[in-house]
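Participant: My questions will all concern the structure given below.
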Amino acid sequence: MNAPFRPAPGPALAELALRIRRLSPSCGPVRLVGVDGHAGSGKTTFTGKLARALGGAPVLRLDDVASHDELFDWTGRLLEQVIEPLAHGRTAHYSPYDWRARRFGPPRPLPPAPVLLLEGVGAGRRALRPHLALLLWLDLPREEAWARGRVRDGEEQREFWNGWVPAERRHFAEDPSRPFADALVRQVGEGYEVLTGPAGSPAPDPPLTHGDEPPAVC
């Protein structure tokens, strides 16, 4: 990955977007940014806002790569379908998983872009870190995140969550992401603050803070 992330004053997501654009490509011509954290920690919402701050950067959600039978055993598929083609400057093609139909759908193209956001539990796993320009961790305690996720998904997904929680525990016990995060993202009211992560170097600047909607960075 690139040099350690060092926060600076300014609107959090706009400033973060600027810094991401200045990073060196990490996967062929692509700056691949991982957004990891416990299920229910707010990764999807945050990633959507960061994508807008980046002028509409594409997002690959790991929910499209995982499946009921392979909650975390999807590394080979992601490397083959996405990482390898992008590393060679080619358009990737992946088959998104339909969680209701329980099957993979038709291939979907994913062209190389200046920035690609990889969002989901396990985005910072050891097999992917060599391909990342930056690793962000949504810093919410796991029990709080899981409680939020259960409320969000409702009774319909109760059985799924009963299986997910122990699977996620095992995953992060064997392959933790947070210790390797360049930056920690915490929700503050309707916005965020971005702090230097465990893998970053302390900086004298105050943390980034952000209101609800960042200005787009073109």
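Identifiers in the structure tokens: chain A, B, ... in order shown; residue index from 1 per chain; ligand index from 1 in order shown.
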Going by DSSP on the backbone, which bits of region 83-198 of chain A are strand (DSSP E or B)? Write them as a VMD selection string, please.
Facilitator: chain A and resid 92 to 94 97 to 98 103 to 104 108 to 110 115 to 119 134 to 138 183 to 188 191 to 196
Participant: Which is closer to Thr196 (chain A) than all the others in A:Asp98, A:Glu144, A:Glu84, A:Asp139, using only C-alpha atoms?
Facilitator: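 Among the listed residues, A:Asp139 lies closest to Thr196 (chain A).
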Participant: Which one of A:Pro96, A:Gly191, A:Gly28, A:Gly56 sits closest to Leu78 (chain A) if you count only C-alpha atoms?
Facilitator: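 Of A:Pro96, A:Gly191, A:Gly28, A:Gly56, the one nearest Leu78 (chain A) is A:Pro96, counting only C-alpha atoms.
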Participant: Assign secondary structure with DSSP using the backbone only, and return the residues of region 25-193 of chain A in alpha helix (DSSP H) as a ChimeraX atom specification.
Facilitator: /A:43-53,75-78,84-87,142-153,158-174
Participant: Provide the CA of Leu116 (chain A) to CA of Leu60 (chain A) distance in Å, to one decimal place.
Facilitator: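 Value for the CA of Leu116 (chain A)-CA of Leu60 (chain A) distance: 7.4 Å.
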Participant: Considering only C-alpha atoms, return as number ranges by chain whatever protein or nucleic-acid residues lie within 12 Å of Pro166 (chain A), sequence-local ones (same chain, fewer than 3 positions apart) excluded.
Facilitator: A: 39, 71-72, 142-143, 146, 160-163, 169-173
Participant: Residues at most 9 Å from Glu119 (chain A), counting only C-alpha atoms, excluding those fewer than 2 positions away in the same chain, as a list of chain:residue names?
Facilitator: A:Val33, A:Gly34, A:Val35, A:Asp36, A:Lys43, A:Thr44, A:Thr47, A:Val59, A:Leu60, A:Arg61, A:Leu62, A:Asp63, A:Leu117, A:Val121, A:Gly122, A:Ala123
Participant: Limited to all heavy atoms, could you put the picked residues into a file as a short mmCIF file (atom, residue, chain, number, x, y, z; two decimals), in the first residue's frame?
Facilitator:
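Contents of the output file out-v3.cif:
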data_model
loop_
_atom_site.label_atom_id
_atom_site.label_comp_id
_atom_site.auth_asym_id
_atom_site.auth_seq_id
_atom_site.Cartn_x
_atom_site.Cartn_y
_atom_site.Cartn_z
N VAL A 33 -9.57 1.02 -2.97
CA VAL A 33 -9.74 1.44 -1.58
C VAL A 33 -10.68 0.46 -0.88
O VAL A 33 -11.83 0.29 -1.30
CB VAL A 33 -10.31 2.87 -1.50
CG1 VAL A 33 -10.58 3.27 -0.05
CG2 VAL A 33 -9.36 3.86 -2.17
N GLY A 34 -10.20 -0.18 0.17
CA GLY A 34 -11.01 -1.11 0.93
C GLY A 34 -11.76 -0.39 2.04
O GLY A 34 -11.19 0.44 2.75
N VAL A 35 -13.03 -0.70 2.20
CA VAL A 35 -13.85 -0.18 3.29
C VAL A 35 -14.38 -1.38 4.08
O VAL A 35 -15.27 -2.09 3.62
CB VAL A 35 -15.03 0.68 2.78
CG1 VAL A 35 -15.82 1.25 3.95
CG2 VAL A 35 -14.52 1.81 1.88
N ASP A 36 -13.80 -1.62 5.24
CA ASP A 36 -14.09 -2.81 6.03
C ASP A 36 -14.72 -2.39 7.36
O ASP A 36 -14.73 -1.21 7.72
CB ASP A 36 -12.79 -3.60 6.26
CG ASP A 36 -13.02 -5.08 6.50
OD1 ASP A 36 -14.14 -5.45 6.93
OD2 ASP A 36 -12.08 -5.87 6.29
N LYS A 43 -21.02 0.66 6.73
CA LYS A 43 -20.10 0.70 5.59
C LYS A 43 -20.78 1.13 4.30
O LYS A 43 -20.23 1.92 3.53
CB LYS A 43 -19.44 -0.68 5.38
CG LYS A 43 -18.59 -1.14 6.53
CD LYS A 43 -17.95 -2.48 6.23
CE LYS A 43 -18.94 -3.59 5.99
NZ LYS A 43 -19.85 -3.82 7.15
N THR A 44 -21.97 0.60 4.06
CA THR A 44 -22.65 0.88 2.79
C THR A 44 -23.00 2.35 2.67
O THR A 44 -22.77 2.98 1.63
CB THR A 44 -23.91 0.01 2.67
OG1 THR A 44 -23.54 -1.37 2.70
CG2 THR A 44 -24.64 0.30 1.36
N THR A 47 -19.74 4.40 2.30
CA THR A 47 -19.12 4.20 0.99
C THR A 47 -19.89 4.93 -0.10
O THR A 47 -19.28 5.50 -1.02
CB THR A 47 -19.02 2.70 0.67
OG1 THR A 47 -18.28 2.04 1.69
CG2 THR A 47 -18.33 2.47 -0.67
N VAL A 59 -18.39 1.28 -7.04
CA VAL A 59 -18.32 0.53 -5.78
C VAL A 59 -18.57 -0.94 -6.07
O VAL A 59 -19.55 -1.29 -6.73
CB VAL A 59 -19.37 1.04 -4.77
CG1 VAL A 59 -19.34 0.21 -3.49
CG2 VAL A 59 -19.15 2.52 -4.46
N LEU A 60 -17.69 -1.79 -5.59
CA LEU A 60 -17.91 -3.23 -5.65
C LEU A 60 -18.22 -3.69 -4.24
O LEU A 60 -17.38 -3.58 -3.33
CB LEU A 60 -16.68 -3.96 -6.19
CG LEU A 60 -16.77 -5.50 -6.18
CD1 LEU A 60 -17.95 -5.99 -7.02
CD2 LEU A 60 -15.48 -6.13 -6.66
N ARG A 61 -19.42 -4.21 -4.04
CA ARG A 61 -19.84 -4.65 -2.72
C ARG A 61 -19.57 -6.15 -2.57
O ARG A 61 -19.96 -6.95 -3.43
CB ARG A 61 -21.32 -4.34 -2.50
CG ARG A 61 -21.63 -2.86 -2.73
CD ARG A 61 -22.95 -2.44 -2.15
NE ARG A 61 -23.24 -1.04 -2.51
CZ ARG A 61 -22.71 0.01 -1.93
NH1 ARG A 61 -21.84 -0.16 -0.94
NH2 ARG A 61 -23.03 1.23 -2.31
N LEU A 62 -18.94 -6.52 -1.48
CA LEU A 62 -18.61 -7.92 -1.27
C LEU A 62 -19.85 -8.77 -1.06
O LEU A 62 -19.77 -10.00 -1.19
CB LEU A 62 -17.64 -8.05 -0.09
CG LEU A 62 -16.25 -7.49 -0.36
CD1 LEU A 62 -15.37 -7.60 0.88
CD2 LEU A 62 -15.59 -8.21 -1.53
N ASP A 63 -21.00 -8.16 -0.77
CA ASP A 63 -22.25 -8.92 -0.74
C ASP A 63 -22.55 -9.53 -2.10
O ASP A 63 -23.28 -10.52 -2.20
CB ASP A 63 -23.41 -8.00 -0.33
CG ASP A 63 -23.43 -7.73 1.16
OD1 ASP A 63 -22.65 -8.38 1.88
OD2 ASP A 63 -24.21 -6.88 1.60
N LEU A 117 -13.98 1.56 -5.07
CA LEU A 117 -14.21 1.29 -3.66
C LEU A 117 -14.68 -0.15 -3.48
O LEU A 117 -15.65 -0.58 -4.11
CB LEU A 117 -15.26 2.25 -3.10
CG LEU A 117 -14.95 3.75 -3.26
CD1 LEU A 117 -16.09 4.59 -2.69
CD2 LEU A 117 -13.64 4.10 -2.59
N VAL A 121 -17.45 -6.70 4.66
CA VAL A 121 -16.70 -7.38 5.70
C VAL A 121 -15.63 -8.26 5.04
O VAL A 121 -15.94 -9.11 4.22
CB VAL A 121 -17.63 -8.24 6.57
CG1 VAL A 121 -16.83 -8.95 7.66
CG2 VAL A 121 -18.72 -7.39 7.19
N GLY A 122 -14.39 -8.00 5.38
CA GLY A 122 -13.29 -8.76 4.78
C GLY A 122 -12.57 -8.04 3.67
O GLY A 122 -11.66 -8.60 3.06
N ALA A 123 -12.96 -6.78 3.41
CA ALA A 123 -12.29 -6.02 2.34
C ALA A 123 -10.82 -5.79 2.65
O ALA A 123 -10.03 -5.54 1.73
CB ALA A 123 -12.99 -4.69 2.12
#
Participant: Select, from A:Gly42, A:Gly37, A:Pro29, A:Pro176, the residue with the minimum atom-to-atom distance to Tyr192 (chain A), counting only C-alpha atoms.
Facilitator: A:Gly42
Participant: Record the distance separating CA of Ala14 (chain A) and CA of Ala51 (chain A), expressed in Å with one decimal.
Facilitator: 10.4 Å
Participant: Would you work out the distance separating CA of His68 (chain A) from CA of Asp153 (chain A), expressed in Å to one decimal?
Facilitator: 16.0 Å
Participant: What's the 10 Å shell around Arg129 (chain A), counting only C-alpha atoms, without same-chain residues fewer than 5 positions away, as a ChimeraX atom specification?
Facilitator: /A:1,26,32-34,123-124,134-135,177,180-181
Participant: Produce a file of the selected residues containing N, CA and C atoms, as a PDB file, in the first residue's frame.
Facilitator:
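Wrote again_21.pdb, looks like this:
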ATOM      1  N   MET A   1       0.837  -1.189   0.000  1.00  0.00           N
ATOM      2  CA  MET A   1       0.000   0.000   0.000  1.00  0.00           C
ATOM      3  C   MET A   1       0.876   1.244   0.000  1.00  0.00           C
ATOM      4  N   SER A  26      -2.795   1.134  -7.274  1.00  0.00           N
ATOM      5  CA  SER A  26      -2.376  -0.042  -6.504  1.00  0.00           C
ATOM      6  C   SER A  26      -2.735  -1.359  -7.166  1.00  0.00           C
ATOM      7  N   LEU A  32      -7.375   1.083  -5.560  1.00  0.00           N
ATOM      8  CA  LEU A  32      -8.375   0.237  -4.914  1.00  0.00           C
ATOM      9  C   LEU A  32      -8.418   0.575  -3.429  1.00  0.00           C
ATOM     10  N   VAL A  33      -9.572   1.019  -2.970  1.00  0.00           N
ATOM     11  CA  VAL A  33      -9.743   1.440  -1.580  1.00  0.00           C
ATOM     12  C   VAL A  33     -10.675   0.463  -0.884  1.00  0.00           C
ATOM     13  N   GLY A  34     -10.197  -0.183   0.167  1.00  0.00           N
ATOM     14  CA  GLY A  34     -11.011  -1.107   0.927  1.00  0.00           C
ATOM     15  C   GLY A  34     -11.759  -0.392   2.043  1.00  0.00           C
ATOM     16  N   ALA A 123     -12.957  -6.778   3.408  1.00  0.00           N
ATOM     17  CA  ALA A 123     -12.287  -6.024   2.341  1.00  0.00           C
ATOM     18  C   ALA A 123     -10.816  -5.792   2.646  1.00  0.00           C
ATOM     19  N   GLY A 124     -10.442  -5.892   3.926  1.00  0.00           N
ATOM     20  CA  GLY A 124      -9.053  -5.686   4.304  1.00  0.00           C
ATOM     21  C   GLY A 124      -8.316  -6.972   4.635  1.00  0.00           C
ATOM     22  N   LEU A 134      -5.465   1.998  -0.064  1.00  0.00           N
ATOM     23  CA  LEU A 134      -5.851   2.519   1.239  1.00  0.00           C
ATOM     24  C   LEU A 134      -6.865   1.568   1.851  1.00  0.00           C
ATOM     25  N   LEU A 135      -6.772   1.368   3.171  1.00  0.00           N
ATOM     26  CA  LEU A 135      -7.741   0.552   3.890  1.00  0.00           C
ATOM     27  C   LEU A 135      -8.406   1.409   4.965  1.00  0.00           C
ATOM     28  N   SER A 177      -8.675  -7.270  10.152  1.00  0.00           N
ATOM     29  CA  SER A 177      -8.454  -6.136   9.254  1.00  0.00           C
ATOM     30  C   SER A 177      -8.084  -4.862  10.002  1.00  0.00           C
ATOM     31  N   PHE A 180      -4.621  -3.301  10.444  1.00  0.00           N
ATOM     32  CA  PHE A 180      -3.925  -2.900   9.229  1.00  0.00           C
ATOM     33  C   PHE A 180      -4.589  -1.704   8.553  1.00  0.00           C
ATOM     34  N   ALA A 181      -5.578  -1.124   9.221  1.00  0.00           N
ATOM     35  CA  ALA A 181      -6.296   0.014   8.632  1.00  0.00           C
ATOM     36  C   ALA A 181      -5.431   1.267   8.632  1.00  0.00           C
TER      37      ALA A 181
END
Participant: Let me make sure I understand: among A:Glu190, A:Glu80, A:Glu70, A:Glu156, which one has the smallest atom-to-atom distance to Glu168 (chain A) if we use only C-alpha atoms?
Facilitator: A:Glu70
